[in-house]
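Trainee: Next comes the structure file protein_26.csv, holding CSV, C-alpha atoms.
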```
chain,number,residue,atom,x,y,z
A,19,MET,CA,-2.4,24.2,-23.0
A,20,THR,CA,0.8,25.6,-21.6
A,21,THR,CA,3.5,23.3,-20.4
A,22,SER,CA,4.8,25.7,-17.8
A,23,ALA,CA,2.7,24.7,-14.8
A,24,PRO,CA,-0.4,22.9,-16.0
A,25,ALA,CA,-2.6,21.2,-13.4
A,26,ALA,CA,-1.9,17.6,-14.0
A,27,HIS,CA,-3.6,14.4,-13.1
A,28,LEU,CA,-2.1,10.9,-13.1
A,29,ALA,CA,-3.6,8.3,-15.4
A,30,GLN,CA,-3.2,4.6,-14.7
A,31,LEU,CA,-3.8,1.6,-16.9
A,32,ASN,CA,-3.4,-2.0,-15.9
A,33,VAL,CA,-4.2,-5.1,-17.8
A,34,ALA,CA,-4.9,-8.5,-16.4
A,35,THR,CA,-5.2,-11.8,-18.4
A,36,LEU,CA,-8.0,-13.9,-17.0
A,37,ARG,CA,-7.1,-17.5,-16.1
A,38,HIS,CA,-10.8,-18.4,-16.5
A,39,PRO,CA,-13.9,-16.6,-18.0
A,40,LEU,CA,-15.5,-14.2,-15.5
A,41,ASP,CA,-18.6,-16.5,-15.2
A,42,ASP,CA,-16.4,-19.4,-14.2
A,43,PRO,CA,-17.0,-20.4,-10.5
A,44,ARG,CA,-13.3,-20.1,-9.9
A,45,MET,CA,-13.5,-16.4,-10.6
A,46,ALA,CA,-16.5,-15.8,-8.3
A,47,PRO,CA,-14.5,-14.5,-5.4
A,48,PHE,CA,-12.9,-11.9,-7.7
A,49,VAL,CA,-16.3,-10.9,-9.2
A,50,GLU,CA,-17.7,-10.5,-5.7
A,51,LEU,CA,-14.9,-8.1,-4.8
A,52,LEU,CA,-15.5,-5.9,-7.9
A,53,GLU,CA,-18.4,-3.9,-6.5
A,54,PRO,CA,-17.0,-3.1,-3.0
A,55,VAL,CA,-13.5,-2.3,-4.4
A,56,ASN,CA,-14.9,-0.1,-7.1
A,57,THR,CA,-17.1,1.7,-4.6
A,58,ALA,CA,-14.0,2.2,-2.4
A,59,ALA,CA,-12.2,3.7,-5.4
A,60,ASP,CA,-15.0,6.1,-6.2
A,61,SER,CA,-14.8,7.5,-2.7
A,62,ALA,CA,-11.0,7.3,-2.2
A,63,GLN,CA,-9.1,10.5,-1.5
A,64,GLY,CA,-7.7,11.9,-4.8
A,65,PHE,CA,-9.8,9.7,-7.1
A,66,VAL,CA,-10.9,11.5,-10.3
A,67,TRP,CA,-12.3,9.0,-12.8
A,68,ARG,CA,-12.4,5.4,-13.8
A,69,LEU,CA,-13.4,3.8,-17.1
A,70,VAL,CA,-16.9,2.3,-17.0
A,71,GLU,CA,-18.7,0.6,-19.9
A,72,ASP,CA,-21.9,2.4,-20.9
A,73,GLY,CA,-24.7,1.1,-18.8
A,74,ALA,CA,-22.5,-1.1,-16.7
A,75,ALA,CA,-20.9,-0.8,-13.3
A,76,ASP,CA,-17.4,-1.4,-14.4
A,77,ALA,CA,-15.2,-2.0,-17.4
A,78,THR,CA,-14.6,-5.7,-17.2
A,79,ALA,CA,-16.7,-6.5,-20.3
A,80,LEU,CA,-14.6,-4.0,-22.4
A,81,ARG,CA,-11.8,-6.0,-23.9
A,82,PRO,CA,-9.7,-3.5,-25.9
A,83,ALA,CA,-6.5,-5.4,-25.3
A,84,GLY,CA,-7.6,-8.9,-26.1
A,85,GLU,CA,-10.6,-11.2,-25.5
A,86,ASP,CA,-9.3,-12.6,-22.2
A,87,VAL,CA,-7.7,-9.4,-21.0
A,88,ILE,CA,-9.5,-7.0,-18.7
A,89,VAL,CA,-8.4,-3.4,-18.4
A,90,ASN,CA,-8.6,-1.0,-15.5
A,91,LEU,CA,-8.2,2.7,-16.5
A,92,THR,CA,-8.3,5.4,-13.9
A,93,VAL,CA,-7.3,9.0,-13.2
A,94,TRP,CA,-6.0,10.3,-9.9
A,95,GLU,CA,-5.0,13.7,-8.5
A,96,THR,CA,-1.6,12.5,-7.3
A,97,GLN,CA,0.6,9.4,-7.4
A,98,GLU,CA,0.4,9.1,-3.6
A,99,ALA,CA,-3.4,8.9,-3.8
A,100,LEU,CA,-3.2,6.2,-6.4
A,101,TRP,CA,-0.6,4.3,-4.4
A,102,ASP,CA,-2.6,4.4,-1.2
A,103,PHE,CA,-5.7,3.1,-2.9
A,104,THR,CA,-3.9,0.4,-4.8
A,105,TYR,CA,-1.9,-0.9,-1.9
A,106,ARG,CA,-3.4,0.4,1.3
A,107,SER,CA,-7.1,-0.3,0.8
A,108,GLY,CA,-9.4,-3.2,0.3
A,109,HIS,CA,-7.8,-3.4,-3.2
A,110,LEU,CA,-4.7,-5.0,-1.7
A,111,GLU,CA,-6.7,-8.1,-0.9
A,112,VAL,CA,-7.5,-8.5,-4.6
A,113,LEU,CA,-3.8,-8.1,-5.5
A,114,ARG,CA,-2.8,-10.6,-2.8
A,115,ARG,CA,-4.9,-13.3,-4.6
A,116,ARG,CA,-4.0,-12.2,-8.1
A,117,ARG,CA,-2.3,-15.5,-9.0
A,118,GLU,CA,-5.6,-17.4,-8.4
A,119,TRP,CA,-7.3,-15.3,-11.0
A,120,PHE,CA,-4.8,-13.8,-13.5
A,121,GLU,CA,-2.0,-15.1,-15.6
A,122,ARG,CA,1.4,-13.8,-14.6
A,123,HIS,CA,2.6,-11.1,-17.0
A,124,VAL,CA,6.2,-11.3,-18.2
A,125,GLU,CA,6.0,-7.7,-19.5
A,126,ALA,CA,4.8,-4.6,-17.8
A,127,HIS,CA,1.1,-4.8,-17.0
A,128,LEU,CA,0.7,-1.4,-15.3
A,129,VAL,CA,1.6,2.0,-16.7
A,130,LEU,CA,1.3,5.6,-15.3
A,131,TRP,CA,1.4,8.9,-17.2
A,132,TRP,CA,0.4,12.5,-16.6
A,133,VAL,CA,-2.6,14.0,-18.3
A,134,PRO,CA,-3.9,17.6,-18.2
A,135,ALA,CA,-6.5,17.9,-15.4
A,136,GLY,CA,-9.9,17.3,-17.0
A,137,HIS,CA,-8.6,15.1,-19.7
A,138,LEU,CA,-10.1,11.6,-19.7
A,139,PRO,CA,-7.8,9.1,-21.5
A,140,THR,CA,-9.1,6.7,-24.1
A,141,THR,CA,-8.2,3.0,-24.0
A,142,GLY,CA,-6.3,3.6,-27.3
A,143,GLU,CA,-4.2,6.3,-25.7
A,144,ALA,CA,-3.7,4.1,-22.6
A,145,LEU,CA,-2.6,1.0,-24.6
A,146,GLU,CA,-0.2,3.2,-26.5
A,147,ARG,CA,1.4,4.3,-23.2
A,148,LEU,CA,1.7,0.7,-22.2
A,149,ALA,CA,3.3,-0.2,-25.5
A,150,ASP,CA,5.7,2.7,-25.0
A,151,LEU,CA,6.7,1.4,-21.6
A,152,ARG,CA,7.1,-2.1,-22.8
A,153,ALA,CA,9.2,-0.9,-25.8
A,154,HIS,CA,11.4,1.8,-24.2
A,155,GLY,CA,11.2,1.2,-20.4
A,156,PRO,CA,10.1,3.9,-17.9
A,157,SER,CA,10.3,7.5,-19.2
A,158,PRO,CA,8.3,10.6,-18.3
A,159,ARG,CA,5.9,9.6,-21.0
A,160,ALA,CA,5.1,6.2,-19.5
A,161,PHE,CA,6.4,5.0,-16.2
A,162,THR,CA,5.7,2.8,-13.1
A,163,PHE,CA,5.5,3.1,-9.3
A,164,ALA,CA,9.0,1.8,-9.1
A,165,SER,CA,10.4,4.4,-11.5
A,166,PRO,CA,8.1,7.4,-11.1
A,167,TYR,CA,8.3,10.9,-12.7
A,168,THR,CA,6.8,14.1,-11.6
A,169,ALA,CA,4.3,16.1,-13.7
A,170,ALA,CA,6.9,18.8,-14.0
A,171,GLU,CA,9.4,16.2,-15.4
A,172,ALA,CA,6.8,15.0,-17.8
A,173,ALA,CA,6.1,18.6,-19.0
A,174,GLN,CA,9.8,19.3,-19.5
A,175,HIS,CA,10.2,16.0,-21.4
A,176,LEU,CA,7.3,16.9,-23.6
A,177,GLN,CA,9.0,20.2,-24.5
A,178,ALA,CA,12.3,18.6,-25.2
A,179,VAL,CA,11.0,15.5,-27.0
A,180,PRO,CA,7.7,16.0,-28.9
A,181,PRO,CA,5.4,13.0,-28.8
A,182,ALA,CA,6.4,10.2,-31.2
A,183,GLN,CA,4.8,10.0,-34.6
A,184,PRO,CA,1.6,8.0,-34.3
A,185,GLY,CA,2.7,5.4,-36.9
A,186,PRO,CA,5.0,3.1,-34.9
A,187,ALA,CA,3.3,3.8,-31.6
A,188,ALA,CA,-0.1,2.7,-32.9
A,189,ARG,CA,1.4,-0.4,-34.3
A,190,ASN,CA,2.9,-1.2,-30.9
A,191,ALA,CA,-0.5,-0.6,-29.2
A,192,GLN,CA,-2.1,-3.0,-31.6
A,193,SER,CA,0.4,-5.7,-30.9
A,194,ALA,CA,-0.2,-5.5,-27.2
A,195,PRO,CA,-2.9,-8.2,-27.1
A,196,ALA,CA,-0.6,-10.5,-28.9
A,197,GLU,CA,2.1,-9.8,-26.4
A,198,ASP,CA,-0.3,-10.5,-23.5
A,199,ALA,CA,-1.3,-13.8,-25.2
A,200,ALA,CA,2.4,-14.6,-25.6
A,201,ALA,CA,2.9,-14.1,-21.8
A,202,LEU,CA,0.6,-16.9,-20.9
B,8,MET,CA,14.8,8.1,30.7
B,9,ARG,CA,15.4,9.2,27.1
B,10,ARG,CA,14.4,5.7,26.0
B,11,ARG,CA,11.2,6.0,28.0
B,12,LEU,CA,10.3,9.3,26.3
B,13,TYR,CA,11.1,7.8,22.9
B,14,GLU,CA,8.9,4.8,23.5
B,15,TYR,CA,6.1,6.9,24.8
B,16,VAL,CA,6.1,9.2,21.8
B,17,VAL,CA,6.3,6.2,19.4
B,18,ALA,CA,3.4,4.3,21.1
B,19,GLN,CA,1.0,7.2,20.7
B,20,GLY,CA,1.2,7.2,16.9
B,21,ARG,CA,0.5,10.9,16.8
B,22,GLU,CA,2.1,14.2,17.7
B,23,VAL,CA,3.0,14.5,21.4
B,24,GLY,CA,3.7,17.7,23.3
B,25,ARG,CA,6.4,18.3,25.9
B,26,ASN,CA,4.0,18.5,28.8
B,27,GLU,CA,2.3,15.3,28.0
B,28,ALA,CA,5.6,13.4,27.4
B,29,ALA,CA,7.0,14.8,30.7
B,30,GLU,CA,4.0,13.7,32.6
B,31,ALA,CA,4.1,10.2,31.1
B,32,ALA,CA,7.8,9.8,31.9
B,33,GLY,CA,7.3,11.3,35.4
B,34,VAL,CA,10.0,14.0,34.9
B,35,ALA,CA,10.0,17.8,34.9
B,36,ARG,CA,9.0,19.5,31.7
B,37,THR,CA,12.4,21.2,31.1
B,38,LEU,CA,14.2,17.9,31.5
B,39,ALA,CA,11.8,16.1,29.1
B,40,ALA,CA,12.2,18.9,26.6
B,41,HIS,CA,16.0,18.6,26.7
B,42,HIS,CA,15.9,14.9,26.0
B,43,LEU,CA,13.1,15.1,23.4
B,44,ASP,CA,15.2,17.7,21.5
B,45,ARG,CA,18.3,15.5,21.7
B,46,LEU,CA,16.2,12.6,20.2
B,47,ALA,CA,15.1,15.0,17.4
B,48,GLU,CA,18.7,16.1,16.8
B,49,VAL,CA,20.0,12.6,16.2
B,50,GLY,CA,17.0,11.9,13.9
B,51,LEU,CA,15.0,9.5,16.0
B,52,LEU,CA,12.1,11.9,16.4
B,53,GLU,CA,10.8,14.6,14.2
B,54,SER,CA,9.7,17.9,15.8
B,55,GLY,CA,7.2,20.5,14.7
B,56,SER,CA,5.1,23.2,16.2
B,57,ARG,CA,1.3,23.2,16.7
B,58,ARG,CA,-1.2,25.2,18.6
B,59,LEU,CA,-2.5,22.4,20.8
B,60,THR,CA,-5.4,24.6,22.0
B,61,GLY,CA,-7.1,24.5,18.6
B,62,ARG,CA,-7.3,28.3,18.6
B,63,SER,CA,-5.6,30.3,15.9
B,64,GLY,CA,-4.8,33.9,15.1
B,65,PRO,CA,-3.7,36.6,17.6
B,66,GLY,CA,-4.2,35.7,21.2
B,67,ALA,CA,-4.0,32.0,20.6
B,68,GLY,CA,-0.6,31.8,22.3
B,69,ARG,CA,2.7,30.5,21.1
B,70,PRO,CA,2.7,27.3,19.2
B,71,ALA,CA,3.9,24.3,21.3
B,72,LYS,CA,6.6,22.0,20.2
B,73,VAL,CA,5.4,18.5,19.3
B,74,TYR,CA,7.2,15.3,18.5
B,75,THR,CA,6.6,12.2,16.4
B,76,ARG,CA,8.7,9.3,15.4
B,77,ALA,CA,11.0,9.9,12.5
B,78,ARG,CA,10.1,8.0,9.4
B,79,ALA,CA,13.7,7.0,8.6
B,80,GLU,CA,14.8,3.5,9.5
B,81,ARG,CA,17.9,2.9,11.7
B,82,ALA,CA,19.7,-0.4,11.8
B,83,VAL,CA,22.8,-1.4,13.6
B,84,SER,CA,24.8,-4.4,12.6
B,85,LEU,CA,28.2,-5.4,13.8
B,86,PRO,CA,29.9,-6.7,11.8
B,87,ALA,CA,28.3,-5.1,8.8
B,88,ARG,CA,25.5,-7.2,7.2
B,89,ASP,CA,23.2,-6.2,4.4
B,90,TYR,CA,20.1,-8.4,4.6
B,91,ARG,CA,17.9,-5.6,3.1
B,92,THR,CA,19.6,-5.8,-0.3
B,93,ALA,CA,19.3,-9.6,-0.1
B,94,ALA,CA,15.6,-9.3,0.8
B,95,GLU,CA,14.9,-6.9,-2.0
B,96,LEU,CA,16.6,-9.0,-4.6
B,97,LEU,CA,14.9,-12.2,-3.5
B,98,ALA,CA,11.5,-10.4,-3.5
B,99,GLU,CA,12.2,-9.0,-7.0
B,100,ALA,CA,13.0,-12.4,-8.3
B,101,ALA,CA,9.9,-14.0,-6.5
B,102,GLU,CA,7.7,-11.2,-7.9
B,103,GLN,CA,8.9,-11.8,-11.5
B,104,ALA,CA,8.6,-15.5,-11.2
B,105,GLY,CA,5.1,-15.3,-9.6
B,106,LEU,CA,6.1,-17.2,-6.5
B,107,ASP,CA,3.4,-15.8,-4.2
B,108,ALA,CA,2.0,-19.2,-3.3
B,109,GLY,CA,5.3,-20.8,-2.5
B,110,LEU,CA,6.4,-17.7,-0.4
B,111,CYS,CA,3.1,-17.8,1.6
B,112,THR,CA,3.5,-21.5,2.3
B,113,ALA,CA,7.0,-20.9,3.6
B,114,ALA,CA,5.8,-18.0,5.7
B,115,ARG,CA,2.9,-19.9,7.2
B,116,ARG,CA,5.2,-22.7,8.1
B,117,ARG,CA,7.6,-20.3,9.7
B,118,GLY,CA,4.8,-18.7,11.7
B,119,GLU,CA,3.8,-22.2,12.9
B,120,ALA,CA,7.4,-23.0,13.8
B,121,LEU,CA,7.7,-19.8,15.8
B,122,ARG,CA,4.5,-20.7,17.8
B,123,GLY,CA,6.1,-24.1,18.4
B,124,SER,CA,3.9,-26.4,20.4
B,125,ALA,CA,1.8,-23.6,21.9
B,126,ALA,CA,-1.9,-23.8,21.3
B,127,PRO,CA,-3.5,-21.4,18.8
B,128,CYS,CA,-3.7,-17.9,20.2
B,129,GLY,CA,-6.4,-17.7,22.8
B,130,GLY,CA,-7.5,-14.1,22.6
B,131,LEU,CA,-6.7,-10.5,21.5
B,132,ASP,CA,-4.6,-9.8,24.6
B,133,GLU,CA,-2.4,-12.8,23.9
B,134,ALA,CA,-2.2,-11.7,20.3
B,135,MET,CA,-1.1,-8.3,21.4
B,136,GLU,CA,1.8,-9.8,23.4
B,137,MET,CA,2.9,-12.0,20.5
B,138,LEU,CA,2.8,-9.2,18.0
B,139,ALA,CA,4.6,-6.7,20.3
B,140,ALA,CA,7.4,-9.3,20.8
B,141,ARG,CA,7.8,-9.4,17.0
B,142,GLY,CA,7.9,-5.6,16.7
B,143,TYR,CA,4.5,-4.9,15.2
B,144,GLU,CA,3.6,-2.3,17.8
B,145,PRO,CA,0.0,-3.5,18.2
B,146,HIS,CA,-2.8,-1.4,19.6
B,147,LEU,CA,-6.5,-2.1,20.3
B,148,GLU,CA,-9.1,-0.3,18.3
B,149,GLY,CA,-12.9,-0.3,18.6
B,150,VAL,CA,-14.8,-1.0,15.5
B,151,GLU,CA,-18.5,-0.5,15.1
B,152,GLY,CA,-20.3,-3.5,13.7
B,153,VAL,CA,-23.4,-3.4,11.5
B,154,ALA,CA,-25.7,-3.7,14.5
B,155,GLY,CA,-24.0,-0.8,16.2
B,156,GLU,CA,-22.1,-3.1,18.6
B,157,VAL,CA,-18.5,-2.2,19.2
B,158,ALA,CA,-15.9,-5.0,18.6
B,159,ARG,CA,-12.2,-4.7,19.5
B,160,VAL,CA,-9.6,-5.4,16.9
B,161,VAL,CA,-5.9,-5.3,17.0
B,162,ARG,CA,-4.1,-3.0,14.5
B,163,MET,CA,-0.4,-2.6,14.2
B,164,ARG,CA,1.5,0.6,13.8
B,165,ASN,CA,4.7,-0.9,12.5
B,166,CYS,CA,5.4,-3.2,9.5
B,167,PRO,CA,8.5,-5.1,10.3
B,168,PHE,CA,9.0,-5.6,6.5
B,169,HIS,CA,8.3,-2.0,5.6
B,170,ALA,CA,11.0,-1.4,3.0
B,171,VAL,CA,10.3,-4.5,0.9
B,172,ALA,CA,6.5,-4.3,1.5
B,173,GLU,CA,6.6,-0.8,-0.1
B,174,ARG,CA,8.3,-2.1,-3.1
B,175,PHE,CA,6.3,-5.3,-3.6
B,176,PRO,CA,3.1,-4.9,-1.7
B,177,PRO,CA,1.0,-7.8,-2.8
B,178,LEU,CA,3.8,-10.3,-2.5
B,179,VAL,CA,5.3,-9.1,0.8
B,180,CYS,CA,1.9,-8.2,2.5
B,181,GLY,CA,0.6,-11.6,1.5
B,182,MET,CA,3.7,-13.2,3.0
B,183,ASN,CA,3.2,-11.2,6.2
B,184,LEU,CA,-0.4,-12.3,6.5
B,185,ALA,CA,0.6,-15.9,6.0
B,186,LEU,CA,3.3,-15.6,8.7
B,187,LEU,CA,0.8,-14.1,11.1
B,188,GLU,CA,-1.8,-16.8,10.3
B,189,GLY,CA,0.8,-19.4,11.2
B,190,LEU,CA,1.9,-17.6,14.3
B,191,LEU,CA,-1.6,-17.1,15.7
B,192,GLY,CA,-3.0,-20.4,14.4
B,193,THR,CA,-6.0,-20.6,12.1
B,194,ASP,CA,-8.4,-22.6,14.3
B,195,GLY,CA,-8.1,-20.6,17.5
B,196,SER,CA,-10.2,-17.8,18.8
B,197,VAL,CA,-8.6,-15.0,16.8
B,198,ARG,CA,-7.9,-14.6,13.1
B,199,ALA,CA,-5.7,-12.4,11.0
B,200,ARG,CA,-7.1,-10.8,7.9
B,201,MET,CA,-6.1,-8.2,5.4
B,202,ASP,CA,-7.5,-4.7,6.0
B,203,ALA,CA,-5.0,-2.3,4.6
B,204,ARG,CA,-4.9,1.4,5.4
B,205,PRO,CA,-2.3,4.0,4.9
B,206,GLY,CA,0.6,4.2,7.3
B,207,GLU,CA,0.0,1.0,9.2
B,208,CYS,CA,0.5,-2.8,8.9
B,209,CYS,CA,-2.0,-4.1,6.4
B,210,VAL,CA,-3.3,-6.9,8.7
B,211,VAL,CA,-5.9,-6.7,11.4
B,212,VAL,CA,-6.4,-9.3,14.1
B,213,GLU,CA,-9.9,-9.9,15.4
B,214,ALA,CA,-12.0,-12.5,17.2
B,215,SER,CA,-12.9,-15.4,15.0
B,216,LYS,CA,-16.5,-15.2,13.7
B,217,SER,CA,-17.4,-18.4,15.6
B,218,ASN,CA,-16.1,-17.0,18.8
B,219,ILE,CA,-17.8,-13.6,19.0
B,220,ASP,CA,-19.8,-13.7,22.2
```
Would you write the structure of this file as structure tokens?
Mentor:
Amino acid sequence: MTTSAPAAHLAQLNVATLRHPLDDPRMAPFVELLEPVNTAADSAQGFVWRLVEDGAADATALRPAGEDVIVNLTVWETQEALWDFTYRSGHLEVLRRRREWFERHVEAHLVLWWVPAGHLPTTGEALERLADLRAHGPSPRAFTFASPYTAAEAAQHLQAVPPAQPGPAARNAQSAPAEDAAAL
Amino acid sequence: MRRRLYEYVVAQGREVGRNEAAEAAGVARTLAAHHLDRLAEVGLLESGSRRLTGRSGPGAGRPAKVYTRARAERAVSLPARDYRTAAELLAEAAEQAGLDAGLCTAARRRGEALRGSAAPCGGLDEAMEMLAARGYEPHLEGVEGVAGEVARVVRMRNCPFHAVAERFPPLVCGMNLALLEGLLGTDGSVRARMDARPGECCVVVEASKSNID
């Protein structure tokens, strides 16, 4: 892959710590919204991909970041497309009621980063980006809606600063569930 | 007259040509064009060119000049006040502390206080008036129901809290919904609910389920 002008897509991970198990009646309104909101995502402008567990309709049973932490991992064509879906679709209603269903996170719970078009990020890669954001703040490698970077900036950054050695980053990723638990 | 032209363009929520604006304001096209261009010069409108006929290529005619509202915000305050920074800082703190519920309670109370002793909103037309008075720029829209019937809903072109809503959407949009619930009343014949779409206020006002005739 060349870093001059690669077609880039925006990857997004967010983690949410459940206040109650998903089969608890108090979580029922959230569970009912899963299907319509995921369907809306699939047909949203600029949607590319979302993580789904094999044989399931969503990824809520995958718990790579902790037993009570659900993850949402998606890829979008542009940041605008992701923003419009996140905050200007039926998904906003889920976010409005977030305090009923999820613990408040003291640390960052959403991370964005650019991937080459066609690349589908793994949860390991995604959690490593979240750990990067939590450890170093927003950078072209791992950023947020409030501190965005363009794909070009990310490509430049990659040329100037090669990706960190896997050692410490992997350790950070593995400590993410503990950090989530600490945020309760 | 310049104000009339501005208000007409804004109310359409789309690109407006010179002829149309002139007709709406009841003035000659050249006069309307002059004032529209002045509005664009000072940054209140944005102008562009479009072929309004839908044709393209040679023979389609010269593109017409069209106008839309500028996206930038203008505020005038004498003496200078900076409530926006205060709002952003308070919102940031409320977001970090997870104060959504407390903020919504305060917003609902404020909405009720604004309504005062008036009965809950009696219908969509009354809701339109209340929302217009608060700067929401409401407009009616037909929505097809499951049975093919067409219901009217009120949508709003303007979010009065736009700058903070863009930075903290769940928090501020939730606050706005609670404010409108208080303002309209929750046991009247209309109800406010979240139905976000790009470029507009995230709330829609519709007839309450129990009152659909």
Trainee: I'd like the neighbourhood of B:Ala32 as a list in words, where a residue qualifies if any of its atoms comes within 12 Å (using all atoms listed in the file), though same-chain residues fewer than 5 positions away should be ignored.
Mentor: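 Once the nearby chain positions are removed, what remains is Met8, Arg9, Arg10, Arg11, Leu12, Tyr13, Glu14, Tyr15, Val16, Arg25, Asn26, Glu27, Leu38, Ala39, Ala40, His42 and Leu43 of chain B.
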Trainee: Go through A:Glu171, A:Asp102, A:Glu118, A:Asp41 and flag the residue nearest chain B, using all atoms listed in the file for the distances.
Mentor: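 Distance minimum relative to chain B lands on A:Asp102.
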Trainee: Enumerate, in order of chain and increasing residue number, the residues of chain A with an atom no farther than 7 Å from chain B, each with its shortest atom pair and distance in Å to one decimal, counting only C-alpha atoms, as CSV.
Mentor:
```
residue,atom,partner,partner_atom,distance
A:Asp102,CA,B:Pro205,CA,6.1
A:Tyr105,CA,B:Pro176,CA,6.4
A:Arg106,CA,B:Arg204,CA,4.5
A:Ser107,CA,B:Ala203,CA,4.8
A:Gly108,CA,B:Asp202,CA,6.2
A:Leu110,CA,B:Pro177,CA,6.4
A:Glu111,CA,B:Met201,CA,6.3
A:Leu113,CA,B:Pro177,CA,5.5
A:Arg114,CA,B:Pro177,CA,4.7
A:Arg122,CA,B:Gly105,CA,6.4
```
Trainee: What does the distance from atom CA of B:Leu85 to atom CA of B:Glu136 come to in Å, to one decimal?
Mentor: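 That distance, rounded to one decimal, is 28.4 Å.
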Trainee: Might you pull out every residue within 12 Å of A:Gln63, with only C-alpha atoms counted and same-chain residues fewer than 5 positions away left off, and present them as an NGL selection string?
Mentor: (:A and (58 or 93-104 or 106-107)) or (:B and (205))
Trainee: Which residues are close to stretch 110-127 of chain B, i.e. within 9 Å by only C-alpha atoms, leaving aside same-chain residues fewer than 6 positions away? Reply as a PyMOL selection string.
Mentor: chain B and resi 101+178-179+181-197
Trainee: Which distance in Å separates atom CA of B:Ala47 and atom CA of B:Tyr143, to one decimal?
Mentor: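 Computed distance, atom CA of B:Ala47 to atom CA of B:Tyr143, equals 22.7 Å.
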Trainee: Rounded to one decimal, what separation in Å do you get between atom CA of A:Leu151 and atom CA of A:Val129?
Mentor: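 These two atoms are separated by 7.1 Å.
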Trainee: Using all atoms listed in the file, which of A:Val133, A:Ala29, A:Ala164, A:Ala169 sits nearest B:Glu99?
Mentor: A:Ala164
Trainee: As a PDB file with C-alpha atoms, keeping the file's coordinate frame, please: the residues near stretch 45-56 of chain A (cut-off 7 Å, only C-alpha atoms, same-chain neighbours under 6 positions excluded).
Mentor:
```pdb
ATOM      1  CA  HIS A  38     -10.800 -18.400 -16.500  1.00  0.00           C
ATOM      2  CA  GLY A 108      -9.400  -3.200   0.300  1.00  0.00           C
ATOM      3  CA  HIS A 109      -7.800  -3.400  -3.200  1.00  0.00           C
ATOM      4  CA  TRP A 119      -7.300 -15.300 -11.000  1.00  0.00           C
TER       5      TRP A 119
END
```
Trainee: I'd like the contact shell of B:Ala18 - 12 Å cut-off, all atoms listed in the file, skipping same-chain residues fewer than 3 positions apart - returned as a PyMOL selection string.
Mentor: chain B and resi 11-15+21-23+28+31+74-76+139+142-147+163-165
Trainee: For stretch 91-103 of chain A, which lacks atoms in the input, supply N, CA and C atoms and format the output as an mmCIF file, in the coordinates of the input.
Mentor:
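Written out: selection-v6.cif:
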```cif
data_model
loop_
_atom_site.group_PDB
_atom_site.id
_atom_site.type_symbol
_atom_site.label_atom_id
_atom_site.label_comp_id
_atom_site.auth_asym_id
_atom_site.auth_seq_id
_atom_site.Cartn_x
_atom_site.Cartn_y
_atom_site.Cartn_z
ATOM 1 N N LEU A 91 -8.699 1.364 -16.133
ATOM 2 C CA LEU A 91 -8.200 2.700 -16.500
ATOM 3 C C LEU A 91 -8.731 3.724 -15.608
ATOM 4 N N THR A 92 -7.846 4.426 -14.899
ATOM 5 C CA THR A 92 -8.300 5.400 -13.900
ATOM 6 C C THR A 92 -7.467 6.665 -13.957
ATOM 7 N N VAL A 93 -7.989 7.733 -13.340
ATOM 8 C CA VAL A 93 -7.300 9.000 -13.200
ATOM 9 C C VAL A 93 -7.298 9.449 -11.772
ATOM 10 N N TRP A 94 -6.159 9.924 -11.278
ATOM 11 C CA TRP A 94 -6.000 10.300 -9.900
ATOM 12 C C TRP A 94 -5.347 11.671 -9.775
ATOM 13 N N GLU A 95 -5.573 12.342 -8.645
ATOM 14 C CA GLU A 95 -5.000 13.700 -8.500
ATOM 15 C C GLU A 95 -3.479 13.597 -8.265
ATOM 16 N N THR A 96 -3.019 12.602 -7.534
ATOM 17 C CA THR A 96 -1.600 12.500 -7.300
ATOM 18 C C THR A 96 -1.183 11.007 -7.291
ATOM 19 N N GLN A 97 0.111 10.785 -7.386
ATOM 20 C CA GLN A 97 0.600 9.400 -7.400
ATOM 21 C C GLN A 97 0.409 8.792 -5.964
ATOM 22 N N GLU A 98 0.525 9.613 -4.925
ATOM 23 C CA GLU A 98 0.400 9.100 -3.600
ATOM 24 C C GLU A 98 -1.068 8.583 -3.370
ATOM 25 N N ALA A 99 -2.040 9.333 -3.895
ATOM 26 C CA ALA A 99 -3.400 8.900 -3.800
ATOM 27 C C ALA A 99 -3.662 7.578 -4.444
ATOM 28 N N LEU A 100 -3.098 7.427 -5.637
ATOM 29 C CA LEU A 100 -3.200 6.200 -6.400
ATOM 30 C C LEU A 100 -2.540 5.031 -5.618
ATOM 31 N N TRP A 101 -1.353 5.303 -5.095
ATOM 32 C CA TRP A 101 -0.600 4.300 -4.400
ATOM 33 C C TRP A 101 -1.376 3.808 -3.133
ATOM 34 N N ASP A 102 -1.875 4.785 -2.394
ATOM 35 C CA ASP A 102 -2.600 4.400 -1.200
ATOM 36 C C ASP A 102 -3.849 3.597 -1.500
ATOM 37 N N PHE A 103 -4.551 3.952 -2.578
ATOM 38 C CA PHE A 103 -5.700 3.100 -2.900
ATOM 39 C C PHE A 103 -5.287 1.750 -3.390
#
```
